[in-house]
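Novice: So that we are looking at the same thing, I have put the structure below in structure tokens.
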Amino acid sequence: MERPGDLGVVGGGFWDAVLADEGLRLRADEFVILELACRQLQTISELRAAFNADPQYMVTGSMKQKVINPLIAEIRVASESFARHARQLGLPDDPERAAQKAAQASEYFRNLGNLSWQVRKGNG
């Protein structure tokens with residue numbers, strides 16, 4: 001499938017990176033999800049650029065009160081949406097990355113088990 005022309009630099013780059021994996025074959029519905037993910041990534045890039053142009057965490061609201069910059073909430077929402085779409089795609093990890101993630105998970109659960117044991121023994 002051909003990349004949509006209006007994905008932007010960041011979104012288009014993600015599209016190209018995903019499709020560069022020659023072993024990956026997407027179904028038609030997955031191309032729709034890929035396009036949504038690319039658009040969200042482009043939106044995040046544009047929102048971050050807007051925030052970086054005027055990096056104020058607190059701005060004046062409609063009633064002249066200080067409020068958190070709405071760009072921060074929009075970046076968060078767009079990031080969550082991108083992450084959801086990326087999970088839906090289920091892109092495979094390369095073997096090295098998969099091994100790294102497995103080792104991190106193993107260490108995390110080992111530490112959690114040790115902490116639980118310490119709490120039960122009264123040492124935590």
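Here's how to read the names in the structure tokens: chain A, B, ... by the order shown, residue numbers from 1 in each chain, ligand numbers from 1 in the order shown.
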Give me, as a list in words, all polymer residues having an atom no more than 12 Å from Arg76 in chain A, counting only C-alpha atoms and skipping those fewer than 4 positions away in the same chain.
Specialist: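 The contact residues come out as Gln40, Leu41, Thr43, Ile44, Ser45, Leu47, Arg48, Asn69, Pro70, Leu71, Ile72, Glu80, Ser81, Phe82 and Ala83 of chain A.
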Novice: Please run DSSP on the backbone and report, as JSON, numbers by chain, all residues within range 6-65 of chain A that come out as alpha helix (DSSP H).
Specialist: {"A": [8, 9, 10, 11, 12, 13, 14, 15, 16, 17, 18, 19, 28, 29, 30, 31, 32, 33, 34, 35, 36, 37, 38, 39, 40, 41, 42, 43, 44, 45, 46, 47, 48, 49, 50, 51, 52, 53]}
Novice: Measuring between only C-alpha atoms, which one of A:His85, A:Gln104, A:Lys64, A:Val77 shows the shortest distance to Asp29 in chain A?
Specialist: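 For Asp29 in chain A, the nearest of the given residues is A:His85.
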Novice: Give me, as a list in words, all polymer residues having an atom no more than 6 Å from range 9-23 of chain A, counting only C-alpha atoms and skipping those fewer than 5 positions away in the same chain.
Specialist: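 Contacts, in chain order: Cys38, Arg39, Leu41 and Gln42 of chain A.
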